[in-house]
file data_27.pdb (PDB, C-alpha atoms and all ligand atoms)
MODEL        1
ATOM      1  CA  MET Q   1     115.444 130.085  96.148
ATOM      2  CA  SER Q   2     115.341 127.420  98.879
ATOM      3  CA  LYS Q   3     115.560 123.780  97.825
ATOM      4  CA  ALA Q   4     112.267 121.848  97.750
ATOM      5  CA  PRO Q   5     112.185 119.179 100.488
ATOM      6  CA  LYS Q   6     112.493 115.538  99.478
ATOM      7  CA  ILE Q   7     109.010 114.013  99.503
ATOM      8  CA  VAL Q   8     108.530 110.645 101.166
ATOM      9  CA  ALA Q   9     104.901 109.531 101.389
ATOM     10  CA  ALA Q  10     103.380 106.819 103.572
ATOM     11  CA  TYR Q  11      99.944 105.233 103.198
ATOM     12  CA  SER Q  12      98.931 103.896 106.599
ATOM     13  CA  GLY Q  13      96.304 101.349 107.494
ATOM     14  CA  THR Q  14      95.665  97.979 109.086
ATOM     15  CA  PHE Q  15      94.992  96.234 105.752
ATOM     16  CA  ASP Q  16      93.306  93.162 107.291
ATOM     17  CA  PRO Q  17      93.373  92.230 104.435
ATOM     18  CA  VAL Q  18      94.367  94.678 101.686
ATOM     19  CA  THR Q  19      91.377  95.257  99.378
ATOM     20  CA  LEU Q  20      90.953  96.494  95.812
ATOM     21  CA  GLY Q  21      90.058  99.879  97.334
ATOM     22  CA  HIS Q  22      93.382 100.059  99.183
ATOM     23  CA  ASN Q  23      95.162  98.835  96.064
ATOM     24  CA  ASP Q  24      93.532 101.623  94.072
ATOM     25  CA  ILE Q  25      94.832 104.235  96.538
ATOM     26  CA  ILE Q  26      98.319 102.640  96.563
ATOM     27  CA  HIS Q  27      98.525 102.817  92.778
ATOM     28  CA  ARG Q  28      97.267 106.420  92.670
ATOM     29  CA  ALA Q  29      99.739 107.504  95.373
ATOM     30  CA  ALA Q  30     102.616 105.648  93.693
ATOM     31  CA  ARG Q  31     102.000 107.749  90.581
ATOM     32  CA  MET Q  32     102.002 110.982  92.607
ATOM     33  CA  PHE Q  33     104.991 110.542  94.880
ATOM     34  CA  PRO Q  34     108.581 109.534  94.068
ATOM     35  CA  ARG Q  35     108.670 107.168  97.040
ATOM     36  CA  LEU Q  36     105.723 105.569  98.839
ATOM     37  CA  ILE Q  37     105.836 103.442 101.953
ATOM     38  CA  VAL Q  38     102.786 101.342 102.767
ATOM     39  CA  ALA Q  39     102.828 101.502 106.578
ATOM     40  CA  VAL Q  40     100.994  98.508 108.000
ATOM     41  CA  GLY Q  41      99.799  99.093 111.558
ATOM     42  CA  LEU Q  42      99.930  96.246 114.069
ATOM     43  CA  SER Q  43      96.517  97.502 115.306
ATOM     44  CA  SER Q  44      96.292  94.900 118.068
ATOM     45  CA  ALA Q  45      93.137  96.608 119.427
ATOM     46  CA  LYS Q  46      91.343  95.546 116.204
ATOM     47  CA  ASN Q  47      92.322  91.875 116.718
ATOM     48  CA  PRO Q  48      93.348  91.411 113.074
ATOM     49  CA  ARG Q  49      92.588  88.045 111.421
ATOM     50  CA  PHE Q  50      95.944  88.148 109.628
ATOM     51  CA  SER Q  51      99.232  88.608 111.481
ATOM     52  CA  LEU Q  52     101.294  91.704 110.756
ATOM     53  CA  GLU Q  53     103.776  89.544 108.793
ATOM     54  CA  GLU Q  54     100.961  88.053 106.693
ATOM     55  CA  ARG Q  55      99.468  91.474 105.939
ATOM     56  CA  VAL Q  56     102.878  92.867 104.969
ATOM     57  CA  ALA Q  57     103.586  89.829 102.734
ATOM     58  CA  MET Q  58     100.231  90.141 100.930
ATOM     59  CA  ILE Q  59     100.796  93.841 100.194
ATOM     60  CA  ARG Q  60     104.371  93.160  98.997
ATOM     61  CA  GLU Q  61     102.963  90.638  96.558
ATOM     62  CA  VAL Q  62     100.232  93.006  95.362
ATOM     63  CA  THR Q  63     102.702  95.902  94.861
ATOM     64  CA  SER Q  64     105.529  93.892  93.302
ATOM     65  CA  ASP Q  65     104.961  95.740  90.003
ATOM     66  CA  LEU Q  66     105.610  99.139  91.638
ATOM     67  CA  GLY Q  67     109.306  99.997  91.836
ATOM     68  CA  ASN Q  68     108.877 103.022  94.140
ATOM     69  CA  VAL Q  69     106.764 101.274  96.806
ATOM     70  CA  GLU Q  70     107.970  99.526  99.934
ATOM     71  CA  VAL Q  71     105.907  97.887 102.647
ATOM     72  CA  ILE Q  72     106.858  98.200 106.316
ATOM     73  CA  GLY Q  73     104.993  97.096 109.463
ATOM     74  CA  PHE Q  74     104.785  99.336 112.523
ATOM     75  CA  SER Q  75     103.344  99.551 116.001
ATOM     76  CA  GLY Q  76     102.752 102.647 118.094
ATOM     77  CA  LEU Q  77     102.113 106.123 116.757
ATOM     78  CA  VAL Q  78     102.018 106.845 113.044
ATOM     79  CA  VAL Q  79     103.962 110.078 113.715
ATOM     80  CA  ASP Q  80     106.823 108.063 115.229
ATOM     81  CA  PHE Q  81     106.859 105.906 112.117
ATOM     82  CA  ALA Q  82     106.940 109.096 110.013
ATOM     83  CA  ARG Q  83     109.842 110.530 112.004
ATOM     84  CA  ASP Q  84     111.828 107.257 111.841
ATOM     85  CA  HIS Q  85     111.376 106.920 108.066
ATOM     86  CA  GLU Q  86     111.605 110.631 107.124
ATOM     87  CA  VAL Q  87     107.997 110.613 105.926
ATOM     88  CA  ASN Q  88     106.557 114.094 105.308
ATOM     89  CA  VAL Q  89     103.284 113.193 103.544
ATOM     90  CA  LEU Q  90     100.702 110.847 105.020
ATOM     91  CA  VAL Q  91      98.276 109.436 102.459
ATOM     92  CA  ARG Q  92      94.801 108.456 103.592
ATOM     93  CA  GLY Q  93      91.866 107.194 101.596
ATOM     94  CA  VAL Q  94      88.481 108.874 101.991
ATOM     95  CA  ARG Q  95      85.708 106.750 100.574
ATOM     96  CA  THR Q  96      82.617 108.804 101.352
ATOM     97  CA  VAL Q  97      81.761 111.983 103.234
ATOM     98  CA  VAL Q  98      81.466 109.829 106.366
ATOM     99  CA  ASP Q  99      85.267 109.372 106.418
ATOM    100  CA  VAL Q 100      86.044 113.084 106.129
ATOM    101  CA  ASP Q 101      85.482 114.358 109.690
ATOM    102  CA  TYR Q 102      87.428 111.500 111.247
ATOM    103  CA  GLU Q 103      90.290 111.932 108.768
ATOM    104  CA  LYS Q 104      90.405 115.686 109.373
ATOM    105  CA  GLN Q 105      90.649 115.092 113.109
ATOM    106  CA  MET Q 106      93.492 112.588 112.638
ATOM    107  CA  ALA Q 107      95.295 114.871 110.174
ATOM    108  CA  VAL Q 108      95.218 117.804 112.592
ATOM    109  CA  MET Q 109      96.238 115.637 115.555
ATOM    110  CA  ASN Q 110      99.131 114.101 113.625
ATOM    111  CA  ARG Q 111     100.326 117.533 112.448
ATOM    112  CA  ASP Q 112     100.169 118.841 116.028
ATOM    113  CA  LEU Q 113     102.311 115.907 117.134
ATOM    114  CA  TYR Q 114     104.721 116.210 114.203
ATOM    115  CA  PRO Q 115     104.479 119.497 112.280
ATOM    116  CA  GLN Q 116     106.603 118.218 109.364
ATOM    117  CA  LEU Q 117     103.824 115.749 108.498
ATOM    118  CA  ASP Q 118     100.973 116.788 106.220
ATOM    119  CA  THR Q 119      98.070 114.545 105.252
ATOM    120  CA  VAL Q 120      96.874 114.120 101.699
ATOM    121  CA  MET Q 121      93.463 112.518 101.227
ATOM    122  CA  LEU Q 122      92.796 110.544  98.092
ATOM    123  CA  THR Q 123      89.517 109.084  97.014
ATOM    124  CA  PRO Q 124      89.271 105.624  95.470
ATOM    125  CA  SER Q 125      87.220 104.782  92.374
ATOM    126  CA  PRO Q 126      83.469 104.900  93.149
ATOM    127  CA  GLU Q 127      83.099 101.116  92.823
ATOM    128  CA  TYR Q 128      85.281 100.750  95.946
ATOM    129  CA  ALA Q 129      83.554 103.464  97.997
ATOM    130  CA  HIS Q 130      81.670 100.993 100.162
ATOM    131  CA  LEU Q 131      84.432  98.448 100.560
ATOM    132  CA  SER Q 132      86.159  97.814 103.876
ATOM    133  CA  SER Q 133      88.340  95.054 105.234
ATOM    134  CA  SER Q 134      85.683  93.992 107.756
ATOM    135  CA  LEU Q 135      83.095  93.665 104.984
ATOM    136  CA  VAL Q 136      85.541  91.508 103.026
ATOM    137  CA  ARG Q 137      86.153  89.293 106.084
ATOM    138  CA  GLU Q 138      82.440  88.954 106.737
ATOM    139  CA  LEU Q 139      81.673  88.001 103.127
ATOM    140  CA  ALA Q 140      84.591  85.551 102.967
ATOM    141  CA  GLY Q 141      83.424  83.930 106.205
ATOM    142  CA  LEU Q 142      79.923  83.463 104.776
ATOM    143  CA  GLY Q 143      81.183  81.952 101.530
ATOM    144  CA  ALA Q 144      80.356  84.908  99.228
ATOM    145  CA  PRO Q 145      82.568  85.488  96.166
ATOM    146  CA  VAL Q 146      85.514  87.794  96.914
ATOM    147  CA  ALA Q 147      87.190  88.105  93.495
ATOM    148  CA  LYS Q 148      85.730  91.601  92.960
ATOM    149  CA  LEU Q 149      86.797  92.781  96.412
ATOM    150  CA  VAL Q 150      90.451  91.872  96.878
ATOM    151  CA  PRO Q 151      93.512  91.633  94.617
ATOM    152  CA  GLN Q 152      94.104  88.258  92.938
ATOM    153  CA  ALA Q 153      97.029  87.403  95.257
ATOM    154  CA  VAL Q 154      94.821  87.832  98.344
ATOM    155  CA  ILE Q 155      92.009  85.480  97.263
ATOM    156  CA  ALA Q 156      93.676  82.179  98.214
ATOM    157  CA  PRO Q 157      95.020  83.263 101.631
ATOM    158  CA  LEU Q 158      91.661  84.893 102.437
ATOM    159  CA  LEU Q 159      89.611  81.801 101.569
ATOM    160  CA  ALA Q 160      92.090  79.574 103.407
ATOM    161  CA  ARG Q 161      91.825  81.728 106.570
ATOM    162  CA  PHE Q 162      88.071  81.195 106.604
ATOM    163  CA  GLY Q 163      88.283  77.491 105.775
ATOM    164  CA  ARG Q 164      86.679  78.010 102.356
ATOM    165  CA  PRO Q 165      87.774  76.078  99.288
ATOM    166  CA  SER Q 166      89.628  78.052  96.589
ATOM    167  CA  ALA Q 167      87.497  78.474  93.454
TER     168      ALA Q 167
HETATM  169  N1  LIG J 201      89.383 100.797 100.422
HETATM  170  C1  LIG J 201      88.832  99.902 101.215
HETATM  171  N2  LIG J 201      88.744 100.041 102.540
HETATM  172  C2  LIG J 201      89.228 101.165 103.083
HETATM  173  C3  LIG J 201      89.812 102.173 102.311
HETATM  174  C4  LIG J 201      89.886 101.947 100.905
HETATM  175  N3  LIG J 201      90.427 102.838 100.087
HETATM  176  N4  LIG J 201      90.188 103.163 103.124
HETATM  177  C5  LIG J 201      89.838 102.800 104.369
HETATM  178  N5  LIG J 201      89.265 101.593 104.346
HETATM  179  C6  LIG J 201      88.702 100.824 105.447
HETATM  180  C7  LIG J 201      89.744 100.015 106.160
HETATM  181  O1  LIG J 201      89.875  98.738 105.545
HETATM  182  C8  LIG J 201      89.154  99.919 107.529
HETATM  183  O2  LIG J 201      88.185  98.910 107.505
HETATM  184  P1  LIG J 201      87.926  97.994 108.761
HETATM  185  O3  LIG J 201      87.630  98.893 109.901
HETATM  186  O4  LIG J 201      86.789  97.203 108.292
HETATM  187  O5  LIG J 201      89.183  97.198 108.971
HETATM  188  C9  LIG J 201      88.392 101.221 107.725
HETATM  189  O6  LIG J 201      88.217 101.720 106.420
HETATM  190  C10 LIG J 201      89.101 102.227 108.530
HETATM  191  O7  LIG J 201      90.324 102.490 107.918
HETATM  192  P2  LIG J 201      91.462 103.251 108.689
HETATM  193  O8  LIG J 201      90.928 104.468 109.350
HETATM  194  O9  LIG J 201      92.594 103.412 107.736
HETATM  195  O10 LIG J 201      91.800 102.322 109.850
HETATM  196  P3  LIG J 201      92.796 101.193 109.825
HETATM  197  O11 LIG J 201      92.443 100.334 110.951
HETATM  198  O12 LIG J 201      92.890 100.539 108.505
HETATM  199  O13 LIG J 201      94.219 101.916 110.104
HETATM  200  C11 LIG J 201      95.820 103.113 111.439
HETATM  201  C12 LIG J 201      94.382 102.717 111.209
HETATM  202  C13 LIG J 201      96.716 101.942 111.778
HETATM  203  C14 LIG J 201      96.409 103.852 110.277
HETATM  204  C15 LIG J 201      95.633 104.113 112.577
HETATM  205  O14 LIG J 201      94.907 103.505 113.584
HETATM  206  C16 LIG J 201      96.908 104.622 113.105
HETATM  207  O15 LIG J 201      97.479 105.531 112.559
HETATM  208  N6  LIG J 201      97.329 103.994 114.212
HETATM  209  C17 LIG J 201      98.524 104.374 114.865
HETATM  210  C18 LIG J 201      98.197 105.012 116.196
HETATM  211  C19 LIG J 201      98.176 106.501 116.078
HETATM  212  O16 LIG J 201      99.095 107.140 115.591
HETATM  213  N7  LIG J 201      97.077 107.067 116.565
HETATM  214  C20 LIG J 201      96.881 108.465 116.566
HETATM  215  C21 LIG J 201      96.265 108.927 115.279
HETATM  216  S1  LIG J 201      95.844 110.625 115.404
ENDMDL
END

call {"tool": "encode", "arguments": {"input": "data_27.pdb", "output": "structure tokens", "more": "lines below"}}
Ligand code: COA
result
Amino acid sequence: MSKAPKIVAAYSGTFDPVTLGHNDIIHRAARMFPRLIVAVGLSSAKNPRFSLEERVAMIREVTSDLGNVEVIGFSGLVVDFARDHEVNVLVRGVRTVVDVDYEKQMAVMNRDLYPQLDTVMLTPSPEYAHLSSSLVRELAGLGAPVAKLVPQAVIAPLLARFGRPSA
């Protein structure tokens, strides 16, 4: 019988900033895979409000309780990141049916580019189904409460970025 391949999973995203929805997926994936890399895309086309270093630092803080998770920034193609870090499973979160077509397209494209890479789609808890980083930024900018949207460690840097006082 041939030996099962070593599984290394990566959860990719821009995480500008990481939300409770992302955190939910990270924790689910960390339970499923022996090793999980949170791959933080530079995503310069999205003009992120937080630098790559800031986004990586926030996720490191949020995942400090997870011994099998590491957080690494990247630019360029996700398949190149996968090749460089021996990743064979790409984790993506699908929140609603709206995400599915786009994710399927990306999964097929990524597998065409790098056949060793398969995509696994996980769904977050329903309370996070309508959460996105841009919604979080918009609400923070308008002074709405964010404690139910982002992990505790993200609240202060998020409010500070939008010139809002910490509660
Ligand atoms: N909880 C909360 N929000 C979630 C979520 C969850 N579980 N899952 C997704 N989202 C949100 C994200 O926050 C993001 O919101 P925003 O647009 O308001 O910032 C939105 O859904 C889209 O997420 P996603 O599709 O993961 O985009 P992204 O910008 O976070 O990450 C990369 C995209 C970096 C992973 C992707 O662009 C990439 O792989 N880039 C590399 C280039 C490449 O290889 N391209 C070819 C791909 S075929």

call {"tool": "atom_distance", "arguments": {"input": "data_27.pdb", "atom1": "atom CA of Q:Ala107", "atom2": "atom CA of Q:Glu127"}}
result
25.3 Å

call {"tool": "resolve_selection", "arguments": {"input": "data_27.pdb", "expression": "the PyMOL selection byres (((not hetatm)) within 8 of (chain J and resi 201))", "output": "count of residues only"}}
result
48

call {"tool": "atom_distance", "arguments": {"input": "data_27.pdb", "atom1": "atom CA of Q:Val38", "atom2": "atom CA of Q:Thr63"}}
result
9.6 Å

call {"tool": "resolve_selection", "arguments": {"input": "data_27.pdb", "expression": "the PyMOL selection byres (((chain Q and resi 82-86) around 10) and not hetatm)", "output": "list in words"}}
result
Lys6, Ile7, Val8, Ala9, Ala10, Ile37, Ala39, Ile72, Leu77, Val78, Val79, Asp80, Phe81, Val87, Asn88, Val89, Leu90, Asn110, Tyr114, Gln116 and Leu117 of chain Q

call {"tool": "closest_residue", "arguments": {"input": "data_27.pdb", "among": "Q:Ala153, Q:Leu122, Q:Leu158, Q:Ala45", "to": "Q:Ser64", "atoms": "all atoms listed in the file"}}
result
Q:Ala153

call {"tool": "atom_distance", "arguments": {"input": "data_27.pdb", "atom1": "atom CA of Q:Met58", "atom2": "atom CA of Q:Val154"}}
result
6.4 Å

call {"tool": "closest_residue", "arguments": {"input": "data_27.pdb", "among": "Q:Arg164, Q:His27, Q:Arg49, Q:Arg55", "to": "Q:Gly141", "atoms": "only C-alpha atoms"}}
result
Q:Arg164

call {"tool": "closest_residue", "arguments": {"input": "data_27.pdb", "among": "Q:Asp99, Q:Asp112, Q:Glu53, Q:Glu138", "to": "Q:Gly73", "atoms": "all atoms listed in the file"}}
result
Q:Glu53

call {"tool": "axis_aligned_box", "arguments": {"input": "data_27.pdb", "around": "stretch 93-111 of chain Q", "padding_each_side": "3 Å", "output": "JSON"}}
result
{"center_x": 90.9, "center_y": 112.3, "center_z": 108.1, "size_x": 24.9, "size_y": 17.1, "size_z": 21.0}

call {"tool": "closest_residue", "arguments": {"input": "data_27.pdb", "among": "Q:Val62, Q:Ile26, Q:Val69, Q:Val100", "to": "Q:Ile155", "atoms": "only C-alpha atoms"}}
result
Q:Val62

call {"tool": "closest_residue", "arguments": {"input": "data_27.pdb", "among": "Q:Leu36, Q:Val98, Q:Leu159, Q:Ala30", "to": "Q:Pro145", "atoms": "all atoms listed in the file"}}
result
Q:Leu159

call {"tool": "closest_residue", "arguments": {"input": "data_27.pdb", "among": "Q:Pro151, Q:Thr119, Q:Ser166, Q:Ala29", "to": "Q:Arg60", "atoms": "only C-alpha atoms"}}
result
Q:Pro151
